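Text of the file model_0.tsv, holding TSV, C-alpha atoms and all ligand atoms:
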chain	number	residue	atom	x	y	z
A	257	MET	CA	28.68	-11.14	-11.96
A	258	ASN	CA	26.69	-7.93	-11.97
A	259	GLU	CA	28.16	-6.78	-15.25
A	260	LEU	CA	25.84	-5.14	-17.71
A	261	ALA	CA	24.95	-8.45	-19.36
A	262	ASP	CA	23.82	-9.90	-16.02
A	263	LEU	CA	21.44	-6.99	-15.55
A	264	ILE	CA	19.74	-7.33	-18.94
A	265	PRO	CA	17.10	-9.91	-17.84
A	266	THR	CA	16.13	-7.70	-14.91
A	267	ALA	CA	16.11	-4.53	-16.99
A	268	ARG	CA	13.88	-6.26	-19.56
A	269	ARG	CA	11.53	-7.42	-16.87
A	270	VAL	CA	11.28	-3.90	-15.39
A	271	VAL	CA	10.78	-2.11	-18.70
A	272	ASP	CA	8.77	-4.62	-20.72
A	273	GLU	CA	6.71	-6.42	-18.08
A	274	LEU	CA	6.42	-4.30	-14.94
A	275	LEU	CA	6.36	-0.87	-16.57
A	276	ALA	CA	4.82	-2.26	-19.81
A	277	LEU	CA	6.56	0.54	-21.70
A	278	GLN	CA	4.88	1.56	-24.94
A	279	PRO	CA	6.61	2.97	-28.03
A	280	GLU	CA	7.34	6.71	-27.81
A	281	GLU	CA	6.78	6.88	-24.06
A	282	ARG	CA	9.22	9.14	-22.22
A	283	VAL	CA	11.23	7.73	-19.32
A	284	ALA	CA	13.21	9.73	-16.75
A	285	LEU	CA	16.07	7.75	-15.18
A	286	ILE	CA	17.04	9.62	-12.00
A	287	THR	CA	20.51	8.71	-10.73
A	288	ASP	CA	23.16	9.99	-8.35
A	289	ALA	CA	26.91	9.46	-8.05
A	290	GLY	CA	26.30	6.13	-6.32
A	291	THR	CA	24.15	4.61	-9.07
A	292	PRO	CA	25.96	1.72	-10.78
A	293	PRO	CA	26.44	2.89	-14.39
A	294	GLN	CA	25.76	-0.60	-15.74
A	295	LEU	CA	22.27	-0.46	-14.17
A	296	THR	CA	21.52	2.84	-15.87
A	297	GLY	CA	22.93	1.45	-19.11
A	298	ALA	CA	20.91	-1.74	-19.03
A	299	LEU	CA	17.65	0.09	-18.34
A	300	ALA	CA	18.33	2.79	-20.93
A	301	GLY	CA	19.07	0.12	-23.52
A	302	CYS	CA	15.81	-1.66	-22.80
A	303	VAL	CA	13.83	1.58	-23.01
A	304	SER	CA	15.33	2.23	-26.42
A	305	ALA	CA	14.68	-1.34	-27.54
A	306	ALA	CA	11.02	-0.91	-26.58
A	307	GLY	CA	10.79	2.22	-28.73
A	308	GLY	CA	10.75	4.62	-25.79
A	309	GLU	CA	12.80	7.74	-25.19
A	310	TYR	CA	14.90	8.19	-22.08
A	311	VAL	CA	16.86	10.89	-20.33
A	312	VAL	CA	19.33	10.29	-17.51
A	313	LEU	CA	19.00	12.96	-14.84
A	314	GLU	CA	21.81	12.83	-12.29
A	315	MET	CA	21.10	14.62	-9.03
A	316	PRO	CA	23.46	15.40	-6.14
A	317	THR	CA	23.96	12.96	-3.30
A	318	ARG	CA	21.80	14.01	-0.40
A	319	GLY	CA	22.52	14.19	3.31
A	320	LEU	CA	20.03	13.61	6.09
A	321	LEU	CA	18.35	16.99	6.01
A	322	ARG	CA	17.51	17.05	2.28
A	323	ASN	CA	17.05	13.33	1.70
A	324	ASN	CA	13.62	13.56	0.07
A	325	GLU	CA	14.39	16.63	-2.03
A	326	LEU	CA	14.66	16.52	-5.83
A	327	PRO	CA	16.35	19.42	-7.64
A	328	ALA	CA	13.75	21.78	-9.12
A	329	MET	CA	15.21	21.15	-12.59
A	330	ILE	CA	14.40	17.45	-12.30
A	331	GLU	CA	10.95	18.22	-10.95
A	332	ARG	CA	10.29	20.30	-14.08
A	333	ALA	CA	11.52	17.46	-16.27
A	334	LEU	CA	9.14	15.01	-14.59
A	335	GLU	CA	6.22	17.13	-15.79
A	336	GLU	CA	7.14	15.94	-19.30
A	337	ALA	CA	7.72	12.27	-18.41
A	338	ASP	CA	5.39	9.28	-18.67
A	339	CYS	CA	7.57	7.05	-16.49
A	340	LEU	CA	10.08	7.52	-13.70
A	341	LEU	CA	12.76	5.01	-12.74
A	342	GLY	CA	14.37	6.09	-9.46
A	343	LEU	CA	17.94	4.77	-9.33
A	344	THR	CA	19.56	6.97	-6.69
A	345	ARG	CA	21.80	5.18	-4.22
A	346	THR	CA	22.19	7.75	-1.44
A	347	SER	CA	18.62	8.97	-1.09
A	348	GLY	CA	15.06	7.97	-1.80
A	349	ALA	CA	14.26	11.40	-3.26
A	350	PRO	CA	12.79	10.18	-6.59
A	351	THR	CA	10.29	8.08	-4.63
A	352	TYR	CA	9.48	10.29	-1.67
A	353	ALA	CA	9.57	13.79	-3.19
A	354	ALA	CA	6.24	15.57	-2.96
A	355	THR	CA	6.36	16.36	-6.70
A	356	THR	CA	6.48	12.66	-7.56
A	357	LYS	CA	3.43	12.05	-5.39
A	358	ARG	CA	1.58	14.95	-7.02
A	359	LEU	CA	2.28	13.69	-10.56
A	360	LEU	CA	1.31	10.13	-9.61
A	361	ASP	CA	-1.95	11.38	-8.10
A	362	ALA	CA	-2.59	13.45	-11.23
A	363	GLY	CA	-2.17	10.29	-13.33
A	364	SER	CA	0.46	11.82	-15.62
A	365	LEU	CA	3.29	9.62	-14.33
A	366	ARG	CA	3.96	6.04	-13.32
A	367	ALA	CA	7.05	5.07	-11.38
A	368	ILE	CA	9.26	2.22	-10.28
A	369	SER	CA	11.48	2.87	-7.29
A	370	MET	CA	14.88	1.15	-7.38
A	371	VAL	CA	16.46	3.58	-4.94
A	372	MET	CA	19.05	2.86	-2.25
A	373	ARG	CA	19.77	-0.62	-3.58
A	374	PRO	CA	23.10	-2.28	-4.36
A	375	LEU	CA	23.37	-4.34	-7.55
A	376	GLU	CA	22.89	-7.69	-5.82
A	377	ILE	CA	19.24	-6.74	-5.20
A	378	PHE	CA	18.59	-6.73	-8.95
A	379	THR	CA	20.02	-10.10	-9.90
A	380	GLY	CA	18.91	-12.49	-7.14
A	381	GLY	CA	16.43	-13.09	-4.32
A	382	GLY	CA	13.25	-11.07	-4.56
A	383	ALA	CA	14.10	-9.92	-8.09
A	384	LEU	CA	13.44	-13.45	-9.35
A	385	ALA	CA	9.93	-13.85	-7.88
A	386	ASP	CA	6.80	-14.56	-9.90
A	387	TYR	CA	5.46	-11.00	-10.04
A	388	ALA	CA	2.07	-11.93	-11.51
A	389	GLU	CA	1.49	-14.14	-8.50
A	390	LEU	CA	2.76	-11.44	-6.13
A	391	ARG	CA	0.39	-8.89	-7.61
A	392	ALA	CA	-2.57	-11.23	-7.08
A	393	GLU	CA	-1.56	-11.77	-3.46
A	394	GLY	CA	-1.05	-8.08	-2.90
A	395	GLU	CA	-4.57	-7.37	-4.15
A	396	ARG	CA	-5.95	-10.01	-1.77
A	397	LEU	CA	-4.12	-8.60	1.24
A	398	GLY	CA	-5.09	-5.08	0.19
A	399	ASP	CA	-8.78	-6.08	0.05
A	400	ILE	CA	-8.64	-7.30	3.64
A	401	TRP	CA	-6.60	-4.34	4.86
A	402	ARG	CA	-8.97	-1.78	3.27
A	403	ARG	CA	-11.80	-3.00	5.45
A	404	GLY	CA	-9.82	-2.78	8.71
A	405	ARG	CA	-9.59	-0.04	11.28
A	406	THR	CA	-7.12	-0.96	14.04
A	407	MET	CA	-3.78	-2.65	13.39
A	408	ARG	CA	-1.64	-4.23	16.08
A	409	ILE	CA	1.92	-5.47	15.57
A	410	THR	CA	3.69	-7.65	18.12
A	411	THR	CA	7.08	-9.39	17.90
A	412	PRO	CA	9.14	-11.77	20.04
A	413	ALA	CA	11.73	-8.97	20.41
A	414	GLY	CA	9.20	-6.92	22.36
A	415	THR	CA	7.22	-4.83	19.88
A	416	ASP	CA	3.61	-4.12	20.83
A	417	LEU	CA	2.41	-1.27	18.64
A	418	VAL	CA	-1.20	-0.30	17.88
A	419	ALA	CA	-2.59	2.33	15.50
A	420	GLU	CA	-5.69	3.27	13.55
A	421	VAL	CA	-5.55	2.72	9.78
A	422	SER	CA	-8.05	3.33	7.01
A	423	GLY	CA	-8.95	1.83	3.69
A	424	GLU	CA	-8.21	4.68	1.32
A	425	ASP	CA	-4.57	4.73	2.41
A	426	VAL	CA	-3.64	1.14	1.50
A	427	VAL	CA	-0.73	0.98	-0.94
A	428	ILE	CA	-0.11	-2.19	-2.94
A	429	GLU	CA	3.45	-2.37	-4.26
A	430	CYS	CA	4.00	-5.60	-6.11
A	431	GLY	CA	6.33	-4.67	-8.94
A	432	TYR	CA	3.80	-3.47	-11.53
A	433	ALA	CA	3.45	0.15	-12.57
A	434	ASP	CA	1.76	-0.56	-15.88
A	435	ARG	CA	-1.02	2.02	-15.68
A	436	PRO	CA	-0.86	5.82	-15.24
A	437	GLY	CA	-0.55	6.87	-11.61
A	438	MET	CA	0.79	3.52	-10.44
A	439	GLU	CA	3.91	3.22	-8.32
A	440	ALA	CA	5.92	0.15	-7.47
A	441	ALA	CA	9.42	-0.77	-6.44
A	442	PHE	CA	11.95	-3.28	-7.70
A	443	SER	CA	12.51	-5.68	-6.19
A	444	ASP	CA	9.09	-5.60	-4.61
A	445	GLY	CA	6.21	-7.31	-2.82
A	446	GLU	CA	4.45	-5.49	0.00
A	447	VAL	CA	1.19	-3.97	1.14
A	448	SER	CA	1.39	-0.94	3.37
A	449	SER	CA	-0.50	1.96	4.83
A	450	ARG	CA	0.15	4.96	6.96
A	451	PRO	CA	-1.26	4.82	10.45
A	452	HIS	CA	-3.53	7.76	11.10
A	453	GLU	CA	-1.39	10.59	12.39
A	454	GLY	CA	-1.35	10.83	16.13
A	455	THR	CA	-2.74	7.33	16.75
A	456	ALA	CA	0.26	4.98	16.98
A	457	ARG	CA	1.09	3.96	20.52
A	458	GLY	CA	3.12	1.34	22.34
A	459	THR	CA	6.60	-0.09	22.04
A	460	LEU	CA	8.57	-0.69	18.86
A	461	VAL	CA	11.63	-2.94	19.00
A	462	VAL	CA	13.58	-3.11	15.72
A	463	ASP	CA	15.69	-6.24	15.24
A	464	GLY	CA	16.15	-6.14	11.45
A	465	PRO	CA	17.92	-3.77	9.06
A	466	VAL	CA	17.18	-0.04	9.13
A	467	ALA	CA	17.41	2.39	6.20
A	468	HIS	CA	20.38	4.77	6.42
A	469	VAL	CA	21.53	3.11	9.66
A	470	GLY	CA	22.09	-0.62	9.05
A	471	THR	CA	21.44	-3.52	11.40
A	472	ALA	CA	22.18	-2.91	15.06
A	473	ALA	CA	23.88	-5.59	17.16
A	474	GLU	CA	21.32	-4.87	19.88
A	475	PRO	CA	17.72	-4.11	18.90
A	476	LEU	CA	16.66	-0.47	18.75
A	477	ARG	CA	13.84	0.26	21.18
A	478	PHE	CA	11.34	3.09	20.67
A	479	THR	CA	8.52	4.30	22.89
A	480	VAL	CA	5.61	5.62	20.83
A	481	GLU	CA	2.85	7.92	22.10
A	482	ASN	CA	0.26	9.91	20.13
A	483	GLY	CA	1.80	8.85	16.82
A	484	VAL	CA	5.37	9.90	17.53
A	485	VAL	CA	8.53	8.49	19.08
A	486	THR	CA	8.88	9.87	22.60
A	487	GLY	CA	11.64	7.62	23.90
A	488	PHE	CA	14.61	5.76	22.40
A	489	GLU	CA	17.21	3.29	23.58
A	490	GLY	CA	19.91	1.82	21.37
A	491	GLY	CA	23.61	1.16	21.72
A	492	GLY	CA	26.55	0.88	19.33
A	493	PRO	CA	27.13	2.87	16.16
A	494	GLN	CA	23.63	2.19	14.81
A	495	GLY	CA	22.03	3.31	18.06
A	496	ARG	CA	24.11	6.49	17.99
A	497	ALA	CA	23.21	7.10	14.36
A	498	MET	CA	19.52	6.71	15.10
A	499	ARG	CA	19.79	9.00	18.14
A	500	HIS	CA	21.45	11.63	15.94
A	501	ILE	CA	18.67	11.33	13.34
A	502	LEU	CA	15.93	11.57	15.98
A	503	ASP	CA	17.60	14.62	17.52
A	504	THR	CA	18.28	16.53	14.32
A	505	VAL	CA	15.84	15.66	11.51
A	506	PRO	CA	12.54	17.56	11.60
A	507	HIS	CA	9.39	15.44	12.02
A	508	VAL	CA	11.33	12.17	11.75
A	509	THR	CA	9.70	10.93	14.96
A	510	ASN	CA	6.39	10.48	13.11
A	511	ILE	CA	5.23	6.87	12.70
A	512	ALA	CA	4.79	7.01	8.93
A	513	GLU	CA	4.07	3.51	7.63
A	514	PHE	CA	3.23	-0.08	8.48
A	515	GLY	CA	4.15	-2.56	5.74
A	516	ILE	CA	3.83	-6.32	5.33
A	517	GLY	CA	6.25	-8.15	3.01
A	518	LEU	CA	4.89	-10.78	0.60
A	519	ASN	CA	7.86	-11.82	-1.54
A	520	GLY	CA	8.84	-15.41	-0.74
A	521	ALA	CA	12.00	-15.17	-2.86
A	522	CYS	CA	13.59	-12.38	-0.80
A	523	ARG	CA	16.76	-13.22	1.10
A	524	ARG	CA	17.73	-12.34	4.63
A	525	ASN	CA	20.89	-10.60	3.58
A	526	GLY	CA	20.97	-7.59	5.89
A	527	LEU	CA	19.77	-5.18	3.20
A	528	PHE	CA	16.65	-3.34	4.30
A	529	GLU	CA	15.32	-2.96	0.75
A	530	GLU	CA	15.46	-6.75	0.29
A	531	GLU	CA	14.29	-7.73	3.76
A	532	LYS	CA	11.37	-5.32	4.00
A	533	LYS	CA	9.79	-7.11	1.02
A	534	ALA	CA	10.46	-10.57	2.45
A	535	ARG	CA	7.33	-12.61	3.02
A	536	GLY	CA	6.20	-12.36	6.63
A	537	ASN	CA	8.54	-9.54	7.62
A	538	VAL	CA	6.99	-6.27	8.74
A	539	HIS	CA	8.48	-2.84	8.39
A	540	VAL	CA	7.57	0.28	10.30
A	541	ALA	CA	8.80	3.58	8.92
A	542	LEU	CA	9.61	6.86	10.63
A	543	GLY	CA	9.31	10.35	9.19
A	544	ASP	CA	7.72	11.49	5.96
A	545	ASN	CA	4.29	10.09	5.09
A	546	ILE	CA	3.35	12.26	2.09
A	547	PHE	CA	3.80	9.32	-0.30
A	548	TYR	CA	1.36	7.37	1.88
A	549	GLY	CA	-1.30	10.05	1.67
A	550	GLY	CA	-0.50	11.83	4.94
A	551	THR	CA	0.41	15.41	5.79
A	552	VAL	CA	3.72	15.00	7.65
A	553	ALA	CA	6.63	16.24	5.55
A	554	SER	CA	10.06	15.22	6.81
A	555	PRO	CA	13.45	15.21	5.07
A	556	MET	CA	13.63	11.43	5.71
A	557	HIS	CA	11.55	8.27	5.42
A	558	ILE	CA	13.26	5.50	7.38
A	559	ASP	CA	12.10	1.91	6.90
A	560	MET	CA	12.88	-0.46	9.78
A	561	VAL	CA	12.43	-4.24	9.54
A	562	LEU	CA	10.90	-6.41	12.29
A	563	TYR	CA	11.35	-10.18	12.37
A	564	ASN	CA	8.76	-12.87	13.15
A	565	PRO	CA	5.91	-10.40	13.62
A	566	THR	CA	2.30	-11.09	14.37
A	567	VAL	CA	-0.07	-8.59	12.76
A	568	GLU	CA	-3.73	-8.30	13.69
A	569	LEU	CA	-6.32	-6.12	12.00
A	570	ASP	CA	-9.45	-5.65	14.12
A	571	GLY	CA	-8.44	-8.86	15.90
A	572	ILE	CA	-8.06	-10.87	12.66
A	573	THR	CA	-4.58	-12.30	12.22
A	574	LEU	CA	-2.88	-11.36	8.92
A	575	VAL	CA	0.60	-12.56	9.89
A	576	ARG	CA	1.34	-15.03	12.67
A	577	ASP	CA	4.93	-15.39	13.92
A	578	GLY	CA	6.27	-14.30	10.56
A	579	VAL	CA	3.90	-16.41	8.44
A	580	VAL	CA	1.37	-14.62	6.21
A	581	GLU	CA	-2.12	-16.10	6.70
A	582	LEU	CA	-4.13	-14.80	3.77
A	583	GLU	CA	-6.78	-17.51	3.52
A	584	PRO	CA	-7.74	-17.62	7.21
A	585	ALA	CA	-7.88	-13.82	7.25
A	586	GLU	CA	-10.15	-13.80	4.17
A	587	ALA	CA	-12.41	-16.38	5.77
A	588	ALA	CA	-12.57	-14.37	8.99
A	589	ARG	CA	-13.43	-11.17	7.07
A	590	ALA	CA	-16.08	-12.84	4.90
B	1	FE	FE	6.86	0.10	2.66
Represent the structure of the file as structure tokens.
Amino acid sequence: MNELADLIPTARRVVDELLALQPEERVALITDAGTPPQLTGALAGCVSAAGGEYVVLEMPTRGLLRNNELPAMIERALEEADCLLGLTRTSGAPTYAATTKRLLDAGSLRAISMVMRPLEIFTGGGALADYAELRAEGERLGDIWRRGRTMRITTPAGTDLVAEVSGEDVVIECGYADRPGMEAAFSDGEVSSRPHEGTARGTLVVDGPVAHVGTAAEPLRFTVENGVVTGFEGGGPQGRAMRHILDTVPHVTNIAEFGIGLNGACRRNGLFEEEKKARGNVHVALGDNIFYGGTVASPMHIDMVLYNPTVELDGITLVRDGVVELEPAEAARA
């Protein structure tokens, strides 16, 4: 399993359907030393088969303090690319670098983020969803979200977090990046937005997997005031790792993103990139919010998954105890 041949159906789906690659388009595959070579090979082969041209750009592995930083040489190369496939394993730099955001906003690039994912993400679970259906659902949730102002997230583990959001910041990531300026992930299925800077407040208790840290045996507990983490409790190695990040990484205390997962095919397998897309899970991210249209630059963007959440937007329930309630929310908004 997970040999090159097993990855071909996924690579075809990404290149032909989700990216809708056209002949002679130029694709940058950004990798690092942790990228499985068979993934790069499968995608490169499909780009060639579609008549496109690819380059593989391998960047260094990145530690905590430069996690969102692309080498300048790669940034220059992206100026000449139509499409970006981010395949790095140790960092999310292809996705979260400010240059990527600038080129997406300029409409010269479209991108699919496959960063920080082991091979099993690409051959099962959320990778096998009906992406046309997911896109339609993402648009519906996005339509509701765009008209909201105040989002509240509560969970049985003890989260009660409130923040102001606004319509222009809603990001729909449901696999497709088939038009210039679009960005998606793979596997995928979420709608998200940055809370307005300085507005998030309350308590955040993380009981699911956390990017760069893993899943803690005991939930990680954050106190949030004026948009930033002001208190933290968490034991074990994951708690210590999070404490170290909070103490050392600039601006990582910023509450950067609220996201709602929509992909019903995602597994609960302990991998944050799979679980954050799982239907009815919520993720809250710390740190950098440039990708989400904000102004806080941090070396890290740390997604953290919450289980069985209830999400309300201006008092209208979008998710109740981990179940997405699109139709009732649409009726309430109408
Ligand atoms: Fe997200």
- Message: Around ligand FE 1 (chain B), which protein and nucleic acid residues have at least one atom no more than 10 Å from it, if we count only C-alpha atoms and all ligand atoms? List them as a ChimeraX atom specification.
- Response: /A:427-429,441,444-450,512-517,529,532-533,538-541,548,557-561
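Proximity ranking of A:Val484, A:Val508, A:Leu320, A:Met407 relative to A:Thr573 places A:Met407 first, based on all atoms listed in the file.
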Residues at most 7 Å from stretch 346-355 of chain A, counting all atoms listed in the file, excluding those fewer than 4 positions away in the same chain, as a PDB file with C-alpha atoms, keeping the file's coordinate frame?
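This is the output file selection.pdb:
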ATOM      1  CA  ILE A 286      17.040   9.620 -12.000  1.00  0.00           C
ATOM      2  CA  GLY A 290      26.300   6.130  -6.320  1.00  0.00           C
ATOM      3  CA  THR A 317      23.960  12.960  -3.300  1.00  0.00           C
ATOM      4  CA  ARG A 318      21.800  14.010  -0.400  1.00  0.00           C
ATOM      5  CA  ASN A 323      17.050  13.330   1.700  1.00  0.00           C
ATOM      6  CA  ASN A 324      13.620  13.560   0.070  1.00  0.00           C
ATOM      7  CA  GLU A 325      14.390  16.630  -2.030  1.00  0.00           C
ATOM      8  CA  LEU A 326      14.660  16.520  -5.830  1.00  0.00           C
ATOM      9  CA  GLU A 331      10.950  18.220 -10.950  1.00  0.00           C
ATOM     10  CA  GLY A 342      14.370   6.090  -9.460  1.00  0.00           C
ATOM     11  CA  LEU A 359       2.280  13.690 -10.560  1.00  0.00           C
ATOM     12  CA  SER A 369      11.480   2.870  -7.290  1.00  0.00           C
ATOM     13  CA  VAL A 371      16.460   3.580  -4.940  1.00  0.00           C
ATOM     14  CA  MET A 372      19.050   2.860  -2.250  1.00  0.00           C
ATOM     15  CA  ILE A 546       3.350  12.260   2.090  1.00  0.00           C
ATOM     16  CA  PHE A 547       3.800   9.320  -0.300  1.00  0.00           C
TER      17      PHE A 547
END
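The closest residue to A:Pro293, picked from A:Arg477, A:Arg457, A:Arg269, A:Arg345 and counting all atoms listed in the file, is A:Arg345.
Interatomic distance, atom CA of A:Asp570 against atom CA of A:Val426: 15.5 Å.
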Sorted by chain and rising residue number, list the residues of stretch 491-570 of chain A at most 10 Å from stretch 410-419 of chain A (counting only C-alpha atoms), each with its closest atom pair and distance in Å to one decimal, as a tab-separated table.
residue	atom	partner	partner_atom	distance
A:Ile511	CA	A:Ala419	CA	9.5
A:Phe514	CA	A:Ala419	CA	9.4
A:Val538	CA	A:Thr411	CA	9.7
A:Val540	CA	A:Leu417	CA	9.9
A:Leu562	CA	A:Thr411	CA	7.4
A:Tyr563	CA	A:Thr411	CA	7.0
A:Asn564	CA	A:Thr411	CA	6.1
A:Pro565	CA	A:Thr411	CA	4.6
A:Thr566	CA	A:Thr410	CA	5.3
A:Val567	CA	A:Thr410	CA	6.6
A:Glu568	CA	A:Thr410	CA	8.7
A:Leu569	CA	A:Val418	CA	9.7
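Atom CA of A:Gly423 is positioned 26.6 Å from atom CA of A:Cys339.
Here the question is which of A:Ala261, A:Gly363, A:Pro327, A:Gln494 gets nearest to A:Gln294 using only C-alpha atoms, and that residue is A:Ala261.
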- Counting all atoms listed in the file, figure out which residue out of A:Arg408, A:Arg396, A:Arg402, A:Arg496 gets nearest to A:Gly458. A:Arg408
- Task: Report the distance between atom CA of A:Asn482 and atom CA of A:Gly495 in Å, rounded to one decimal place.
- Result: 22.8 Å
